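Chemist: Could you have a look at this structure, given as structure tokens, before my questions?
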Amino acid sequence: MEKHELWQAALAKLELSLSRPSFLTWFHGTGITDIQNGVATVNVPNGFAKEWLQNKYHKSILGALREVAGDIRDVSYIIGRSTEPGTGSFLKDPSPKKSRPHSIVLGGADDSSFKELSVDPDTNLNPRYTFETFIVGSFNELAHAAAQSVIKNLGAGYNPLFIYGGVGLGKTHLIQAIGNELLSRNRSLRVRYIPSEKYMGEIVDALRNQEMNKLKEKYRSVDLLIMDDIQFIARTEKMQEEFFHTFNALYEKNKQIIISSDRPPQAIATLEERLRSRFEGGMIADIGQPDFETRLLILKTKAAAKKISLPEDALAQIADGIKTNIRELEGALNRVIMASKLSAAPIGIDAVKKIVSGHQANAGRFVSPKKIIKAVAEFYDIEERDLLTRSRRRDVVKPRQIAMYFLREELKCSYPSIGEKFGGRDHTTAIHSCEKIANDLKIHPELEEEIRAIKDKFLSLP
Ligand code: ADP
Ligand code: MG
């Protein structure tokens with residue numbers, strides 16, 4: 001067999017065993033340059049890819065090659081571009097390939113696929129959060145491994161699994177991916193995902209409507225409970241009490257519990273001792289911060305998923321500028337993509353620099369609810385007081401939802417306090433508004449521009 005065909009056949013096998021983003025990222029631009037004495041020489045586009053293939057995928061590559069050509073004993077890697085029409089040529093080809101069953105879409109422009117990705121009302125899981133699109137690097141390796149272990153030994157291994165890490169580093173993505181993965185293996189598994197704030201809201205409602213028994217039943221009859229952002233629950237004893245009993249009920253039945261938090265249990269000051277010791281009795285894994293190479297990989301994968309090709313140095317510039325938050329990394333990438341769509345010529349490195357530094361400059365500014373409300377009102381040319389009353393006029397409903405969304409996203413205001421501010425509404429209205437805007441953002445990319453413009457506005461207010 002000719003070396004080019006051999007590599008294509010091996011790639012076809014590798015593609016099956018790797019996640020789509022890993023495959024796209026690592027095998028793009030590779031080829032076989034030489035086979036001598038049973039050693040195949042694989043060329044890779046850069047040093048980082050070389051190291052990664054050597055360290056992480058060597059066994060799989062060798063295995064795949066041997067399946068196709070039994071006389072291959074080893075593989076070596078060199079840096080160099082493939083001259084043959086090789087892999088992943090679609091990375092340079094922006095036209096969508098409809099036939100790809102796995103094509104992934106992350107927070108972007110491909111709205112046709114987005115409509116299917118709505119939250120499942122039974123489980124509360126968002127199908128967009130899967131392992132397919134979750135990139136693993138040294139920063140989250142431990143948490144990822146622990147997640148895999150929970151999938152293998154549901155309820156019988158690490159229980160609870162406690163994942164902690166800073167904002168925007170993939171906690172929600174990871175813990176929901178566990179739920180989605182388990183459900184894809186067993187449709188009848190009872191899974192429930194809930195952010196702790198929403199859980200507290202449900203308790204408040206249940207108390208008011210005398211439906212506590214129903215609520216208890218709802219949470220105690222699951223096989224897997226995923227509680228996101230538990231740090232909020234630590235603010236009130238009543239809620240902790242309720243959660244403690246649910247936790248115990250599940251734990252005693254060997255039902256799996258997964259918890260996330262922005263810090264480890266011992267650092268949540270108001271967490272009750274009995275809950276803390278319960279958490280510490282399971283597996284605690286942290287998600288750290290991705291290093292430069294991993295940030296670059298994340299950007300490449302996300303750009304590839306959107307079928308957008310950006311110059312390597314542009315991506316490197318973003319990865320260099322945004323260090324501590326994957327959500328912001330995505331945000332900056334989206335802005336660069338948007339800018340490059342708007343201009344005819346390929347985007348220059350200076351333009352990227354400007355976008356990234358704009359991102360950072362904004363990050364440090366002081367924002368207040370007052371500024372947000374003022375900016376929203378000005379932007380939509382309505383009165384501030386219309387935002388703050390209960391008026392249902394159509395032209396104020398959306399601006400009000402956007403204002404609520406900003407209070408939540410930018411200032412992390414609690415839902416009850418947001419509801420209170422905007423005409424004495426209750427927390428469910430605030431939650432609904434924030435979710436509505438977050439969902440619209442996924443479906444209508446142009447809303448992102450609007451949001452951006454409003455944000456620039458309140459950031460520039462004195
Ligand atoms: P957290 O819950 O820790 O604040 P999220 O899970 O909401 O963070 O992640 C923020 C964004 O970054 C999401 O869009 C998520 O899909 C993306 N993201 C986070 N970690 C990864 C990862 N390892 N690979 C791919 N995307 C990621
Ligand atoms: Mg989260």
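Identifiers for the structure tokens are assigned positionally: chains receive A, B, ... in sequence, residues are indexed from 1 per chain, and ligands are indexed from 1 in the order shown.
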Check every protein, DNA and RNA residue against ligand 2, keep those with an atom at most 8 Å away (counting only C-alpha atoms and all ligand atoms), and present them as a PDB file with N, CA and C atoms, in the first residue's frame.
Modeler:
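Printed below is selection_25.pdb as written:
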```pdb
ATOM      1  N   VAL A 167     -14.464  30.725  37.760  1.00  0.00           N
ATOM      2  CA  VAL A 167     -15.551  31.022  36.820  1.00  0.00           C
ATOM      3  C   VAL A 167     -15.133  30.739  35.376  1.00  0.00           C
ATOM      4  N   GLY A 168     -16.022  30.104  34.652  1.00  0.00           N
ATOM      5  CA  GLY A 168     -15.812  29.929  33.207  1.00  0.00           C
ATOM      6  C   GLY A 168     -14.763  28.901  32.846  1.00  0.00           C
ATOM      7  N   GLY A 170     -15.274  25.495  33.023  1.00  0.00           N
ATOM      8  CA  GLY A 170     -15.815  24.241  32.507  1.00  0.00           C
ATOM      9  C   GLY A 170     -16.475  23.338  33.534  1.00  0.00           C
ATOM     10  N   LYS A 171     -16.810  23.844  34.709  1.00  0.00           N
ATOM     11  CA  LYS A 171     -17.457  22.996  35.709  1.00  0.00           C
ATOM     12  C   LYS A 171     -18.836  22.536  35.220  1.00  0.00           C
ATOM     13  N   THR A 172     -19.631  23.510  34.799  1.00  0.00           N
ATOM     14  CA  THR A 172     -20.982  23.165  34.352  1.00  0.00           C
ATOM     15  C   THR A 172     -20.920  22.235  33.141  1.00  0.00           C
ATOM     16  N   HIS A 173     -20.030  22.562  32.230  1.00  0.00           N
ATOM     17  CA  HIS A 173     -19.893  21.716  31.035  1.00  0.00           C
ATOM     18  C   HIS A 173     -19.564  20.274  31.440  1.00  0.00           C
ATOM     19  N   ASP A 228     -25.245  22.133  40.816  1.00  0.00           N
ATOM     20  CA  ASP A 228     -24.230  23.069  40.320  1.00  0.00           C
ATOM     21  C   ASP A 228     -24.113  24.273  41.262  1.00  0.00           C
ATOM     22  N   ASP A 229     -22.903  24.769  41.419  1.00  0.00           N
ATOM     23  CA  ASP A 229     -22.653  25.990  42.200  1.00  0.00           C
ATOM     24  C   ASP A 229     -23.206  25.914  43.620  1.00  0.00           C
ATOM     25  N   SER A 260     -20.795  20.850  42.158  1.00  0.00           N
ATOM     26  CA  SER A 260     -19.736  21.767  41.736  1.00  0.00           C
ATOM     27  C   SER A 260     -19.754  22.990  42.628  1.00  0.00           C
TER      28      SER A 260
END
```
Chemist: Hey, which residues sit close to ligand 1? Say within 10 Å, counting only C-alpha atoms and all ligand atoms, and write them as a ChimeraX atom specification.
Modeler: /A:21,106-107,128-137,139-141,144,163-177,228-229,260-262,287,289-290,294-295,297-299,301-302,325-331
Chemist: From the set A:Trp52, A:Tyr219, A:Phe162, A:Phe292, which residue has the shortest atom-to-atom contact distance to Pro265 of chain A, counting only C-alpha atoms?
Modeler: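 When distances to Pro265 of chain A are compared using only C-alpha atoms, the smallest one comes from A:Phe162.
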Chemist: Determine which residues of segment 35-225 of chain A receive a DSSP assignment of strand (DSSP E), computed from the backbone, and state them as a ChimeraX atom specification.
Modeler: /A:35-36,39-44,74-79,161-165,191-195,224-225
Chemist: When DSSP works through the backbone of this structure, what residues of segment 293-385 of chain A end up as helix (DSSP H, G or I), shown as a PyMOL selection string?
Modeler: chain A and resi 293-305+312-321+326-342+349-364+369-380+384-385
Chemist: Have a look at A:Arg408, A:Lys442, A:Lys323, A:Lys56 and name the one nearest to Ser138 of chain A; count only C-alpha atoms.
Modeler: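 Answer, going by the shortest atom-to-atom distance: A:Lys56.
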Chemist: Rank A:Glu242, A:Ser277, A:Pro369, A:Lys198 by their smallest atom-to-atom distance to His432 of chain A, using only C-alpha atoms, and report the top residue only.
Modeler: A:Lys198
Chemist: Would you mind listing what lies within 9 Å of Met404 of chain A as a VMD selection string, with only C-alpha atoms counted and same-chain residues fewer than 3 positions away left out?
Modeler: chain A and resid 373 399 to 401 407 to 409 415 418 to 419 422 430 to 431 433 to 434
Chemist: Got a sec: who's within 9 Å of Lys3 of chain A, counting only C-alpha atoms, leaving out chain neighbours fewer than 5 positions off, as a ChimeraX atom specification?
Modeler: /A:8,31-35,40
Chemist: So that I can check the surroundings of Pro160 of chain A, please list as a list of chain:residue names every protein, DNA and RNA residue that reaches within 8 Å of it, counting only C-alpha atoms and ignoring chain neighbours fewer than 6 positions away.
Modeler: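 Close residues of Pro160 of chain A: A:Gln256, A:Ile257, A:Ile258, A:Ile259, A:Arg278, A:Phe279, A:Gly281, A:Gly282, A:Met283.
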Chemist: Considering only C-alpha atoms, can you say which of A:Arg66, A:Arg390, A:His28, A:Arg335 comes closest to Arg425 of chain A?
Modeler: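 Residue with the minimum atom-to-atom distance to Arg425 of chain A: A:Arg390.
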Chemist: Extract, using only C-alpha atoms, all DNA, RNA and protein residues at most 10 Å from Ala69 of chain A, discarding same-chain residues fewer than 2 positions from it, and format them as a list in words.
Modeler: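 Counting only C-alpha atoms, the residues come to Met1, Leu6, Ala9, Ala10, Gly38, Gly63, Ala64, Leu65, Arg66, Glu67, Asp71, Ile72 and Arg73 of chain A.
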Chemist: Take atom CA of Thr324 of chain A and atom CA of Gly358 of chain A and report the distance between them in Å, one decimal.
Modeler: 15.9 Å
Chemist: Please compute the atom CA of Leu53 of chain A-atom CA of Asp291 of chain A distance, one decimal, in Å.
Modeler: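 Straight-line distance from atom CA of Leu53 of chain A to atom CA of Asp291 of chain A works out to 17.8 Å.
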